[in-house]
Every structure is written in structure tokens, then in C-alpha cells.
Amino acid sequence: MAALYACTKCHQRFPFEALSQGQQLCKECRIAHPVVKCTYCRTEYQQESKTNTICKKCAQNVQLYGTPKPCQYCNIIAAFIGNKCQRCTNSEKKYGPPYSCEQCKQQCAFDRKDDRKKVDGKLLCWLCTLSYKRVLQKTKEQRKHLSSSSRVSHQEKEQYSRLSGGSHYNSFSPDLALDSPGTDHFVIIAQLKEEVATLKKMLHQKDQMILEKEKKITELKADFQYQESQMRAKMNQMEKTHKEVTEQLQAKNRELLKQAAALSKSKKSEKSGAITSP
């Protein structure tokens, strides 16, 4: 009986071939928790739920520092502190200022001074390096598929040539399919598709940022209008109260003046009465 190995997510046991190479996940867990790119830092992570679109590290940074800004070098929306993302900040400290990427032409490629770490001798930024490697991996898989299908086709044609007695099929070689210009075109097309997908995602992120900013501006305007209305109402109330107090004081002052006039009049009459009495 073949040995069974546990899935790292659901912990059920499966044959070793049924688990993924990297994280040892079964087929159901790979479907339920696919590997996706973080909306902010663009690194790949295991998605826990459909609503979760950012990795754990970015989620912690959002709680600590708020929504990130685009990095001034790579333009990835991952600058939580300052104007540069953590990746570009660390690379700048280690390798110096960035150079122009030979693929996207942005000033975000760091020269490691080691030709072995370059991709086919090209100085690429982090995103373009990932895209280039992904394209190469897809090309290798396509070539393997082409090679296997070509071998099957070659065997079928040999069988047909033996049955039919013909010899013109024996000259067919599966390597022709691999050396044809179509494979180079496939690499270019796949790379362009990858670039278009990356640009679409960046555009979507910028649209989301614009929408968030517009939403914030609308909220600030509404708050400002509310505060302004509250202030006006308070000023009107204070003006009304001041007017009422002023009128009360004026009325009291008039009353006191009347009393004073009456007192002075009574005193004068008393004095005149005292003079005429002898």
C-alpha cells in the first residue's frame, strides 16, 4: 500500500502525487484557496477567502499606517511609510539608486552588480522579472506539450507509413516544431499578454484609488457643510440671545430711570413743602 501524506490545509491524507509541489495542498484546497497576487504589494499569497484581496503583511500595515500610496520608483501601491515601498527602500539601501528597466522603462530596476542574477543578461525590475520568468515557465510547459504531442504524432505517422508502405513520413522530426518561428512568436505574445494584464491591474488599482479619494472628498464636503450649518445655527442663536438680553437690560434701564426721576421729583416737592410751612 502506497504511503499517504497530509494536506497542509485540510489535513486529510492523499498520495504524494496528488499534493502540490510547493505548499503540499490537495486539489480541493488548491481550488478553494488559490494562489493570487496581493492588490497592494503584488506578491503571491494563499487566498483565505474571496473577499480577502491583500496579503497578511499588507493587512497589518493598513491597520498601522492606513491606505498605501504608489511608490515613486516602481509605482506599486505599497508605500505605507513615505513615498517608497519597502522593497524599493531596501534595494536602494543595498544596491544604490535605481536604473531604467529594460522592459517597462520605469526607473525601478536595481543593479545587483552580478550578471548571474540578471534575466537573460537584461536589467529588469521586480515585476518585469516575475513576468519574464512566468512567460519562460509557460513556454517550457508549452514546449513539453508540443514535444510530447509531436512524438505521439510521429509514432502514428510511422505506423501509418509502415502500413501504407510509404517512406516520406519517416523524414518528419518533432524538433522542427520546437525550432519553428511560431514558438518565438508565442513567447512574445505571452509576454505581451502578461504586460497587458499587469497594466490593466495597475489601471484598476489607480481607478480604485481615485474612487476612494473622490469618496473621501465628498465625505469631507458633507462634513464641512454640516459643521458650517451648525456654526451658523449657533451664531444665530447667540445673536438672538444677545438681542434678548440687550432688550431686557434696556427695559430695566428705562425702569430705573423712571424710578430715579420719580424719586427726585418727590424730594423736590418735600423741600418746597418744608419751606412754605413756617
# chains A, B, ... in the order shown; residues from 1 in each chain; ligands from 1
call {"tool": "residues_around", "arguments": {"residues": "Thr89 in chain A", "least_positions_apart": "2", "cutoff": "12 Å", "atoms": "only C-alpha atoms", "output": "list in words"}}
result
Cys71, Gln72, Tyr73, Cys74, Ala78, Ala79, Phe80, Ile81, Gly82, Asn83, Lys84, Cys85, Gln86, Arg87, Ser91, Glu92, Lys93, Lys94, Tyr95, Gly96, Pro97, Pro98, Cys108 and Phe110 of chain A
call {"tool": "residues_around", "arguments": {"residues": "Lys50 in chain A", "least_positions_apart": "5", "cutoff": "12 Å", "atoms": "only C-alpha atoms", "output": "JSON, numbers by chain"}}
result
{"A": [31, 32, 33, 34, 35, 36]}
call {"tool": "write_last_selection", "arguments": {"atoms": "N, CA, C and O atoms", "output": "compact mmCIF listing (two decimals), in the first residue's frame"}}
result
# COMPACT_ATOMS: atom_id res chain seq x y z
N ILE A 31 -8.21 24.65 -5.16
CA ILE A 31 -9.33 25.37 -5.78
C ILE A 31 -9.94 26.36 -4.80
O ILE A 31 -10.25 27.49 -5.15
N ALA A 32 -10.11 25.93 -3.55
CA ALA A 32 -10.75 26.78 -2.54
C ALA A 32 -9.84 27.92 -2.10
O ALA A 32 -10.32 29.01 -1.77
N HIS A 33 -8.52 27.69 -2.10
CA HIS A 33 -7.56 28.70 -1.66
C HIS A 33 -6.49 28.88 -2.73
O HIS A 33 -5.35 28.41 -2.58
N PRO A 34 -6.84 29.54 -3.84
CA PRO A 34 -5.86 29.68 -4.92
C PRO A 34 -4.74 30.66 -4.57
O PRO A 34 -4.88 31.49 -3.66
N VAL A 35 -3.65 30.56 -5.28
CA VAL A 35 -2.54 31.50 -5.12
C VAL A 35 -2.83 32.72 -5.99
O VAL A 35 -2.97 32.62 -7.21
N VAL A 36 -2.97 33.88 -5.34
CA VAL A 36 -3.31 35.12 -6.04
C VAL A 36 -2.27 36.20 -5.69
O VAL A 36 -1.45 36.02 -4.79
call {"tool": "select_by_dssp", "arguments": {"residues": "range 6-99 of chain A", "states": "alpha helix (DSSP H)", "output": "number ranges by chain"}}
result
A: 27-32, 56-65, 86-95
call {"tool": "atom_distance", "arguments": {"atom1": "CA of Ile54 in chain A", "atom2": "CA of Gln205 in chain A"}}
result
12.3 Å
call {"tool": "atom_distance", "arguments": {"atom1": "CA of Glu102 in chain A", "atom2": "CA of Leu124 in chain A"}}
result
5.8 Å
call {"tool": "closest_residue", "arguments": {"among": "A:Lys9, A:Lys69, A:Phe14, A:Glu247", "to": "Lys213 in chain A", "atoms": "only C-alpha atoms"}}
result
A:Lys69
call {"tool": "closest_residue", "arguments": {"among": "A:Val135, A:Cys58, A:Gln250, A:Ile76", "to": "Leu203 in chain A", "atoms": "only C-alpha atoms"}}
result
A:Ile76
call {"tool": "residues_around", "arguments": {"residues": "range 198-202 of chain A", "least_positions_apart": "6", "cutoff": "10 Å", "atoms": "only C-alpha atoms", "output": "list of chain:residue names"}}
result
A:Thr39, A:Tyr40, A:Arg42, A:Asn75, A:Ile76, A:Ile77, A:Leu127, A:Cys128, A:Ser131, A:Leu192, A:Gln208
call {"tool": "closest_residue", "arguments": {"among": "A:Cys29, A:Ser229, A:Glu44, A:Pro68", "to": "Met209 in chain A", "atoms": "only C-alpha atoms"}}
result
A:Pro68
call {"tool": "atom_distance", "arguments": {"atom1": "CA of Leu211 in chain A", "atom2": "CA of Val62 in chain A"}}
result
17.8 Å
